[in-house]
>>> print(open('model-v8.txt').read())   # compact mmCIF, C-alpha atoms (C1' of nucleotides)
# COMPACT_ATOMS: atom_id res chain seq x y z
CA MET A 587 141.56 1.45 154.95
CA SER A 588 138.24 0.75 156.62
CA LYS A 589 137.72 -0.59 160.10
CA TYR A 590 136.85 -4.10 158.98
CA ALA A 591 139.40 -4.23 156.19
CA GLU A 592 142.04 -3.63 158.79
CA GLN A 593 140.79 -6.33 161.11
CA ILE A 594 140.44 -8.83 158.30
CA LEU A 595 143.93 -8.10 157.07
CA ASN A 596 145.33 -8.49 160.56
CA LEU A 597 143.58 -11.77 161.04
CA ILE A 598 144.90 -13.13 157.77
CA GLN A 599 148.41 -11.89 158.33
CA SER A 600 148.66 -13.19 161.84
CA SER A 601 147.27 -16.62 161.05
CA ARG A 602 148.73 -19.42 159.05
CA GLU A 603 145.42 -21.19 158.78
CA HIS A 604 144.27 -20.24 155.29
CA LEU A 605 140.86 -19.14 156.44
CA THR A 606 137.73 -19.09 154.31
CA ALA A 607 135.48 -16.02 154.15
CA GLU A 608 133.07 -17.74 156.50
CA GLN A 609 135.71 -18.57 159.06
CA ILE A 610 136.90 -14.99 159.04
CA TYR A 611 133.33 -13.87 159.47
CA PHE A 612 132.73 -16.08 162.50
CA ARG A 613 135.95 -15.07 164.18
CA LEU A 614 135.40 -11.35 163.82
CA LYS A 615 131.74 -11.66 164.67
CA GLN A 616 132.74 -12.56 168.22
CA SER A 617 134.02 -9.07 168.83
CA CYS A 618 131.86 -7.23 166.27
CA PRO A 619 128.40 -8.79 166.42
CA LYS A 620 127.05 -6.38 163.81
CA LEU A 621 129.40 -7.68 161.15
CA VAL A 622 127.78 -9.32 158.15
CA LEU A 623 129.18 -11.87 155.70
CA ALA A 624 128.82 -9.58 152.70
CA THR A 625 131.09 -7.07 154.38
CA VAL A 626 133.72 -9.73 154.77
CA TYR A 627 133.48 -10.56 151.09
CA ASN A 628 133.58 -6.89 150.12
CA ASN A 629 136.69 -6.29 152.13
CA LEU A 630 138.35 -9.48 151.03
CA ASN A 631 137.81 -8.53 147.42
CA GLN A 632 139.20 -5.09 147.99
CA LEU A 633 142.23 -6.33 149.83
CA HIS A 634 142.79 -8.81 147.07
CA ARG A 635 142.56 -6.14 144.37
CA GLN A 636 145.13 -4.16 146.31
CA ASN A 637 147.39 -7.21 146.41
CA ARG A 638 147.41 -7.24 150.16
CA ILE A 639 146.14 -10.79 150.41
CA ARG A 640 146.08 -13.74 148.11
CA LYS A 641 143.45 -16.32 147.30
CA ILE A 642 144.11 -20.01 147.24
CA SER A 643 141.66 -22.16 145.30
CA VAL A 644 141.36 -25.77 146.23
CA GLU A 645 139.16 -28.05 144.15
CA GLY A 646 135.55 -28.04 145.19
CA ARG A 647 136.19 -26.05 148.34
CA PRO A 648 135.61 -22.39 149.12
CA GLU A 649 138.41 -19.95 148.45
CA ARG A 650 140.99 -19.55 151.18
CA TYR A 651 142.65 -16.26 151.95
CA ASP A 652 146.29 -16.01 152.70
CA ARG A 653 149.15 -13.63 153.36
CA THR A 654 151.17 -12.49 150.39
CA ASP A 655 154.62 -13.40 151.57
CA ARG A 656 156.02 -15.88 149.07
CA HIS A 657 155.40 -19.48 150.03
CA ASP A 658 153.99 -22.67 148.63
CA HIS A 659 151.32 -25.11 149.75
CA LEU A 660 150.89 -28.70 150.58
CA VAL A 661 147.36 -29.95 149.88
CA CYS A 662 145.96 -33.18 151.22
CA VAL A 663 144.10 -34.83 148.37
CA ARG A 664 141.88 -36.65 150.86
CA CYS A 665 140.67 -33.97 153.27
CA GLY A 666 141.72 -30.76 151.55
CA ARG A 667 143.93 -29.68 154.43
CA LEU A 668 146.22 -26.92 153.32
CA SER A 669 149.54 -26.11 154.90
CA GLY A 670 152.04 -23.43 154.09
CA LEU A 671 155.57 -24.32 153.18
CA ARG A 672 158.48 -22.14 152.20
CA LEU A 673 160.41 -23.73 149.40
CA PRO A 674 163.11 -21.83 147.54
CA ASP A 675 161.77 -19.27 145.11
CA LEU A 676 161.46 -20.73 141.63
CA THR A 677 160.77 -17.50 139.80
CA ALA A 678 164.17 -17.14 138.21
CA GLN A 679 164.32 -20.79 137.22
CA LEU A 680 160.86 -20.60 135.63
CA GLN A 681 161.34 -17.20 134.07
CA ALA A 682 164.36 -18.53 132.19
CA GLN A 683 161.97 -20.78 130.30
CA LEU A 684 159.24 -18.30 129.50
CA SER A 685 158.75 -15.23 127.39
CA GLU A 686 155.80 -13.85 129.39
CA GLU A 687 156.74 -11.91 132.47
CA ILE A 688 156.01 -13.93 135.61
CA LEU A 689 154.02 -11.90 138.11
CA SER A 690 153.95 -14.67 140.67
CA TYR A 691 153.22 -18.36 140.77
CA ASP A 692 151.16 -20.78 142.81
CA LEU A 693 152.63 -24.12 143.61
CA LYS A 694 150.42 -26.67 145.29
CA ILE A 695 151.92 -30.01 146.12
CA ASN A 696 149.45 -32.85 146.41
CA CYS A 697 150.06 -35.39 149.08
CA ILE A 698 148.21 -37.31 151.79
CA CYS A 699 148.45 -35.64 155.18
CA PRO A 700 149.63 -37.66 158.18
CA ASP A 701 146.10 -37.93 159.61
CA CYS A 702 144.57 -39.28 156.43
CA MET A 703 147.54 -41.55 155.96
CA THR A 704 146.96 -43.06 159.38
CA LYS A 705 143.28 -43.58 158.63
CA GLU A 706 144.08 -45.34 155.40
CA THR A 707 146.56 -47.72 156.96
CA GLU A 708 144.06 -48.50 159.72
CA ASN A 709 141.37 -49.38 157.21
CA GLN A 710 143.66 -51.83 155.52
CA LEU A 711 143.85 -54.03 158.62
CA MET B 1323 133.13 -47.13 131.37
CA SER B 1324 129.80 -45.66 130.40
CA LYS B 1325 128.86 -44.22 127.07
CA TYR B 1326 129.12 -40.61 128.18
CA ALA B 1327 132.15 -41.12 130.38
CA GLU B 1328 133.97 -42.29 127.29
CA GLN B 1329 132.93 -39.34 125.18
CA ILE B 1330 133.78 -36.87 127.90
CA LEU B 1331 137.18 -38.43 128.41
CA ASN B 1332 137.85 -38.34 124.69
CA LEU B 1333 136.87 -34.73 124.46
CA ILE B 1334 139.15 -33.76 127.34
CA GLN B 1335 142.04 -35.79 126.09
CA SER B 1336 141.85 -34.52 122.58
CA SER B 1337 141.52 -30.88 123.52
CA ARG B 1338 143.97 -28.51 125.04
CA GLU B 1339 141.31 -26.02 125.95
CA HIS B 1340 140.73 -26.72 129.64
CA LEU B 1341 137.00 -26.98 129.27
CA THR B 1342 134.46 -26.30 131.99
CA ALA B 1343 131.64 -28.75 132.71
CA GLU B 1344 129.26 -26.48 130.86
CA GLN B 1345 131.42 -26.26 127.79
CA ILE B 1346 131.72 -30.03 127.69
CA TYR B 1347 127.97 -30.26 128.04
CA PHE B 1348 127.28 -27.95 125.12
CA ARG B 1349 129.76 -29.66 122.85
CA LEU B 1350 128.44 -33.14 123.46
CA LYS B 1351 124.84 -31.97 123.38
CA GLN B 1352 125.25 -31.29 119.65
CA SER B 1353 125.51 -34.99 118.94
CA CYS B 1354 123.56 -36.26 121.97
CA PRO B 1355 120.61 -33.94 122.46
CA LYS B 1356 119.32 -35.98 125.40
CA LEU B 1357 122.42 -35.30 127.47
CA VAL B 1358 121.90 -33.38 130.67
CA LEU B 1359 124.35 -31.26 132.65
CA ALA B 1360 124.12 -33.43 135.77
CA THR B 1361 125.33 -36.39 133.74
CA VAL B 1362 128.36 -34.44 132.69
CA TYR B 1363 129.11 -33.62 136.32
CA ASN B 1364 128.55 -37.22 137.39
CA ASN B 1365 130.92 -38.53 134.80
CA LEU B 1366 133.50 -35.84 135.40
CA ASN B 1367 133.52 -36.69 139.08
CA GLN B 1368 133.89 -40.35 138.35
CA LEU B 1369 136.67 -39.85 135.87
CA HIS B 1370 138.38 -37.63 138.37
CA ARG B 1371 138.11 -40.20 141.16
CA GLN B 1372 139.67 -42.70 138.80
CA ASN B 1373 142.51 -40.27 138.11
CA ARG B 1374 141.75 -40.19 134.44
CA ILE B 1375 141.31 -36.45 134.34
CA ARG B 1376 142.43 -33.58 136.50
CA LYS B 1377 140.72 -30.47 137.75
CA ILE B 1378 142.22 -27.03 137.56
CA SER B 1379 140.80 -24.40 139.89
CA VAL B 1380 141.19 -20.78 138.94
CA GLU B 1381 140.05 -18.11 141.38
CA GLY B 1382 136.43 -17.23 141.10
CA ARG B 1383 135.91 -19.26 137.95
CA PRO B 1384 134.32 -22.67 137.41
CA GLU B 1385 136.53 -25.73 137.55
CA ARG B 1386 138.33 -26.67 134.37
CA TYR B 1387 138.96 -30.25 133.38
CA ASP B 1388 142.20 -31.34 131.89
CA ARG B 1389 144.22 -34.33 130.71
CA THR B 1390 146.49 -35.96 133.24
CA ASP B 1391 149.75 -35.84 131.34
CA ARG B 1392 152.18 -33.81 133.39
CA HIS B 1393 152.22 -30.14 132.47
CA ASP B 1394 151.92 -26.74 134.03
CA HIS B 1395 149.72 -23.72 133.43
CA LEU B 1396 149.96 -20.09 132.61
CA VAL B 1397 147.06 -18.07 134.01
CA CYS B 1398 146.20 -14.57 132.91
CA VAL B 1399 145.41 -12.59 136.04
CA ARG B 1400 143.21 -10.26 134.02
CA CYS B 1401 140.93 -12.51 131.99
CA GLY B 1402 141.55 -15.92 133.54
CA ARG B 1403 142.80 -17.42 130.30
CA LEU B 1404 144.55 -20.69 130.96
CA SER B 1405 147.17 -22.21 128.75
CA GLY B 1406 149.10 -25.41 129.08
CA LEU B 1407 152.85 -25.40 129.19
CA ARG B 1408 155.31 -28.23 129.61
CA LEU B 1409 158.11 -27.18 131.89
CA PRO B 1410 160.63 -29.69 133.18
CA ASP B 1411 159.27 -31.95 135.91
CA LEU B 1412 160.04 -30.52 139.33
CA THR B 1413 159.02 -33.55 141.36
CA ALA B 1414 162.51 -34.73 142.21
CA GLN B 1415 163.70 -31.24 143.06
CA LEU B 1416 160.71 -30.67 145.34
CA GLN B 1417 160.70 -34.13 146.85
CA ALA B 1418 164.26 -33.59 148.01
CA GLN B 1419 162.93 -30.88 150.32
CA LEU B 1420 159.92 -32.68 151.72
CA SER B 1421 159.20 -35.61 153.96
CA GLU B 1422 155.66 -36.21 152.66
CA GLU B 1423 155.44 -38.23 149.50
CA ILE B 1424 154.55 -36.04 146.53
CA LEU B 1425 151.66 -37.48 144.56
CA SER B 1426 151.72 -34.69 142.00
CA TYR B 1427 151.85 -30.95 141.96
CA ASP B 1428 150.03 -28.06 140.35
CA LEU B 1429 152.02 -25.13 139.18
CA LYS B 1430 150.17 -22.09 137.95
CA ILE B 1431 152.19 -19.17 136.73
CA ASN B 1432 150.45 -15.83 136.89
CA CYS B 1433 151.07 -13.42 134.07
CA ILE B 1434 149.19 -11.09 131.77
CA CYS B 1435 148.31 -12.66 128.45
CA PRO B 1436 149.28 -10.89 125.20
CA ASP B 1437 145.68 -9.79 124.55
CA CYS B 1438 145.21 -8.19 127.95
CA MET B 1439 148.67 -6.69 127.73
CA THR B 1440 147.75 -5.00 124.45
CA LYS B 1441 144.52 -3.66 125.95
CA GLU B 1442 146.38 -2.20 128.89
CA THR B 1443 148.96 -0.45 126.79
CA GLU B 1444 146.20 0.96 124.58
CA ASN B 1445 144.37 2.38 127.56
CA GLN B 1446 147.45 4.20 128.67
CA LEU B 1447 147.49 6.36 125.55
C1' DT C 266 126.67 21.70 161.39
C1' DC C 267 125.86 20.00 156.83
C1' DC C 268 127.09 17.45 152.96
C1' DA C 269 129.38 14.14 150.17
C1' DA C 270 131.72 10.06 149.91
C1' DA C 271 132.74 5.68 151.70
C1' DA C 272 131.44 1.67 154.31
C1' DT C 273 128.14 -1.39 155.95
C1' DT C 274 123.88 -3.93 156.14
C1' DA C 275 120.05 -6.91 154.73
C1' DG C 276 118.54 -9.74 151.90
C1' DA C 277 117.60 -11.06 147.13
C1' DA C 278 119.96 -12.95 143.14
C1' DT C 279 123.17 -15.75 140.69
C1' DA C 280 126.30 -19.40 139.43
C1' DA C 281 128.31 -23.70 140.07
C1' DT C 282 127.67 -27.94 141.73
C1' DT C 283 125.49 -31.73 144.20
C1' DC C 284 121.74 -34.49 145.53
C1' DT C 285 117.54 -37.33 145.27
C1' DA C 286 114.36 -40.03 143.31
C1' DA C 287 112.37 -41.77 139.35
C1' DA C 288 113.10 -43.63 134.75
C1' DT C 289 116.04 -46.17 131.41
C1' DA C 290 119.32 -49.03 129.91
C1' DT C 291 122.47 -52.82 130.44
C1' DA C 292 124.10 -57.08 132.22
C1' DT C 293 123.36 -61.40 134.64
C1' DT C 294 121.45 -65.53 135.54
C1' DA C 295 117.73 -68.96 136.06
C1' DT D 619 113.99 -65.69 126.95
C1' DA D 620 112.13 -63.76 131.12
C1' DA D 621 113.17 -62.01 135.42
C1' DT D 622 115.99 -59.63 138.18
C1' DA D 623 119.79 -56.95 139.58
C1' DT D 624 122.91 -53.27 138.65
C1' DA D 625 124.49 -49.19 136.56
C1' DT D 626 123.43 -45.02 134.11
C1' DT D 627 120.88 -41.22 133.05
C1' DT D 628 117.40 -37.78 133.72
C1' DA D 629 114.77 -34.00 135.81
C1' DG D 630 114.58 -30.91 138.77
C1' DA D 631 115.03 -29.48 143.58
C1' DA D 632 118.55 -28.25 146.92
C1' DT D 633 122.82 -26.46 148.49
C1' DT D 634 126.87 -23.61 148.71
C1' DA D 635 129.68 -19.91 147.73
C1' DT D 636 129.61 -15.58 146.19
C1' DT D 637 127.93 -11.24 144.22
C1' DC D 638 124.72 -7.64 143.68
C1' DT D 639 121.43 -3.94 144.79
C1' DA D 640 119.44 -0.66 147.35
C1' DA D 641 118.80 1.29 151.67
C1' DT D 642 121.14 2.82 155.82
C1' DT D 643 124.90 4.23 158.60
C1' DT D 644 129.30 6.16 159.38
C1' DT D 645 133.07 9.23 158.52
C1' DG D 646 135.65 13.18 157.19
C1' DG D 647 135.93 17.34 155.50
C1' DA D 648 134.04 22.41 153.99
>>> encode(input="model-v8.txt", output="structure tokens")
Amino acid sequence: MSKYAEQILNLIQSSREHLTAEQIYFRLKQSCPKLVLATVYNNLNQLHRQNRIRKISVEGRPERYDRTDRHDHLVCVRCGRLSGLRLPDLTAQLQAQLSEEILSYDLKINCICPDCMTKETENQL
Amino acid sequence: MSKYAEQILNLIQSSREHLTAEQIYFRLKQSCPKLVLATVYNNLNQLHRQNRIRKISVEGRPERYDRTDRHDHLVCVRCGRLSGLRLPDLTAQLQAQLSEEILSYDLKINCICPDCMTKETENQL
DNA sequence: TCCAAAATTAGAATAATTCTAAATATATTA
DNA sequence: TAATATATTTAGAATTATTCTAATTTTGGA
């Protein structure tokens, strides 16, 4: 595994922030000023092909990169904020209803995050 | 609701194909040659804001537009093929484990579609 | 040390989507 | 009905995210 691949993987695994490629780029750039965005994308794609990281797509926003340990997500429909959440594994329950073999699943629960909720109530005054 | 908004909504509601903006554009263009892609996007965004349609994001592929009746999706991790699937509603089960109010959820089950499965087995010969 | 393979860089290219401003169409009201 | 306001559509430029290509650099053996 290449120098940058390793650093990118570490960053993703040690963070629960669901970083975008650009965010990863800016963080690593601090300590490796030569790093270039394309390298980040290259490595992210490789790591993804190797199933070492997963991608989370949120409507109209850039892809987020995440650890592969099983967990679900809460998405704020207002601001797009994403937060991890470990609900019980549904694989068995779902598999019982399907003929195709389930490789994994992505569960995103749409809600309004506390911040946006506050804003909305304020605006109603 | 505008002329095109209506047609777009009809198309989405009457199809189970999870069309992209471009596909919608080409279909409607047959009968309305003046139609322009930006109009499709405008109307899709409006319909979406009004909760009349939903968006499905699949990694690295353009957004798909879908009806709002509750259902889940099977995604082929090889070719991106998306198919609708009505599994029992999990809202209550999930809500029981969350403090935030669930507005809705998106469940995408990753598998390998029959076509891609066939291809893979063939290649192994 | 020399070579081949892998990784990285720079920057152009592409794809999807949004934006802006002008043009049209539709509705409203005097 | 004419005049005006409002909403919709168009055309095409702009933006954003991402990929691609080719040149360059780095790395790890023979």
>>> interface_residues(input="model-v8.txt", of="chain D", to="chain A", cutoff="10 Å", atoms="all atoms listed in the file", output="list in words")
DT634, DA635, DT636 and DT637 of chain D
>>> interface_residues(input="model-v8.txt", of="chain C", to="chain B", cutoff="10 Å", atoms="only C-alpha atoms (C1' of nucleotides)", output="list in words")
DA280, DA281, DT282 and DT283 of chain C
>>> residues_around(input="model-v8.txt", residues="range 1348-1352 of chain B", least_positions_apart="6", cutoff="12 Å", atoms="all atoms listed in the file", output="list in words")
Lys1325, Tyr1326, Ala1327, Glu1328, Gln1329, Ile1330, Leu1331, Asn1332, Leu1333, Ile1334, Ser1337, Leu1341, Thr1342, Val1358, Leu1359, Thr1361 and Val1362 of chain B
>>> closest_residue(input="model-v8.txt", among="B:Val1380, B:Cys1438, B:Ser1421, B:Arg1408", to="chain A", atoms="only C-alpha atoms")
B:Val1380
>>> residues_near_point(input="model-v8.txt", point="(146.8, -13.0, 133.2)", cutoff="10 Å", atoms="all atoms listed in the file", output="PyMOL selection string")
(chain A and resi 686+688-689) or (chain B and resi 1396-1404+1431-1439)
>>> write_last_selection(input="model-v8.txt", atoms="C-alpha atoms", output="PDB file, in the coordinates of the input")
ATOM      1  CA  GLU A 686     155.800 -13.850 129.390  1.00  0.00           C
ATOM      2  CA  ILE A 688     156.010 -13.930 135.610  1.00  0.00           C
ATOM      3  CA  LEU A 689     154.020 -11.900 138.110  1.00  0.00           C
TER       4      LEU A 689
ATOM      5  CA  LEU B1396     149.960 -20.090 132.610  1.00  0.00           C
ATOM      6  CA  VAL B1397     147.060 -18.070 134.010  1.00  0.00           C
ATOM      7  CA  CYS B1398     146.200 -14.570 132.910  1.00  0.00           C
ATOM      8  CA  VAL B1399     145.410 -12.590 136.040  1.00  0.00           C
ATOM      9  CA  ARG B1400     143.210 -10.260 134.020  1.00  0.00           C
ATOM     10  CA  CYS B1401     140.930 -12.510 131.990  1.00  0.00           C
ATOM     11  CA  GLY B1402     141.550 -15.920 133.540  1.00  0.00           C
ATOM     12  CA  ARG B1403     142.800 -17.420 130.300  1.00  0.00           C
ATOM     13  CA  LEU B1404     144.550 -20.690 130.960  1.00  0.00           C
ATOM     14  CA  ILE B1431     152.190 -19.170 136.730  1.00  0.00           C
ATOM     15  CA  ASN B1432     150.450 -15.830 136.890  1.00  0.00           C
ATOM     16  CA  CYS B1433     151.070 -13.420 134.070  1.00  0.00           C
ATOM     17  CA  ILE B1434     149.190 -11.090 131.770  1.00  0.00           C
ATOM     18  CA  CYS B1435     148.310 -12.660 128.450  1.00  0.00           C
ATOM     19  CA  PRO B1436     149.280 -10.890 125.200  1.00  0.00           C
ATOM     20  CA  ASP B1437     145.680  -9.790 124.550  1.00  0.00           C
ATOM     21  CA  CYS B1438     145.210  -8.190 127.950  1.00  0.00           C
ATOM     22  CA  MET B1439     148.670  -6.690 127.730  1.00  0.00           C
TER      23      MET B1439
END
>>> residues_around(input="model-v8.txt", residues="DT619 in chain D", least_positions_apart="2", cutoff="12 Å", atoms="all atoms listed in the file", output="mmCIF file with C-alpha atoms (C1' of nucleotides), in the coordinates of the input")
data_model
loop_
_atom_site.group_PDB
_atom_site.id
_atom_site.type_symbol
_atom_site.label_atom_id
_atom_site.label_comp_id
_atom_site.auth_asym_id
_atom_site.auth_seq_id
_atom_site.Cartn_x
_atom_site.Cartn_y
_atom_site.Cartn_z
ATOM 1 C "C1'" DT C 294 121.450 -65.530 135.540
ATOM 2 C "C1'" DA C 295 117.730 -68.960 136.060
ATOM 3 C "C1'" DA D 621 113.170 -62.010 135.420
#
>>> atom_distance(input="model-v8.txt", atom1="CA of Gln1335 in chain B", atom2="CA of Leu1369 in chain B")
11.9 Å
>>> closest_residue(input="model-v8.txt", among="A:Asp652, A:Glu687, A:Asp658, A:Glu706", to="chain B", atoms="only C-alpha atoms")
A:Glu687
>>> residues_near_point(input="model-v8.txt", point="(123.6, 3.6, 155.6)", cutoff="10 Å", atoms="all atoms listed in the file", output="PDB file with C-alpha atoms (C1' of nucleotides), in the coordinates of the input")
ATOM      1  C1'  DA C 272     131.440   1.670 154.310  1.00  0.00           C
ATOM      2  C1'  DT C 273     128.140  -1.390 155.950  1.00  0.00           C
ATOM      3  C1'  DT C 274     123.880  -3.930 156.140  1.00  0.00           C
TER       4       DT C 274
ATOM      5  C1'  DA D 641     118.800   1.290 151.670  1.00  0.00           C
ATOM      6  C1'  DT D 642     121.140   2.820 155.820  1.00  0.00           C
ATOM      7  C1'  DT D 643     124.900   4.230 158.600  1.00  0.00           C
ATOM      8  C1'  DT D 644     129.300   6.160 159.380  1.00  0.00           C
TER       9       DT D 644
END
>>> closest_residue(input="model-v8.txt", among="B:Thr1440, B:Ser1405, B:Ser1379, B:Asn1445", to="chain A", atoms="only C-alpha atoms")
B:Ser1379
>>> atom_distance(input="model-v8.txt", atom1="CA of Ala682 in chain A", atom2="CA of Leu1407 in chain B")
13.7 Å
>>> closest_residue(input="model-v8.txt", among="B:Leu1429, B:His1370, B:Ile1375, B:Leu1416", to="His1393 in chain B", atoms="all atoms listed in the file")
B:Leu1429
>>> atom_distance(input="model-v8.txt", atom1="CA of Arg653 in chain A", atom2="CA of Leu684 in chain A")
26.3 Å
>>> closest_residue(input="model-v8.txt", among="A:Thr707, A:Glu645, A:Arg602, A:Tyr651", to="chain B", atoms="all atoms listed in the file")
A:Glu645
>>> closest_residue(input="model-v8.txt", among="A:Asp655, A:Gly646, A:Lys705, A:Asn629", to="chain B", atoms="only C-alpha atoms")
A:Gly646
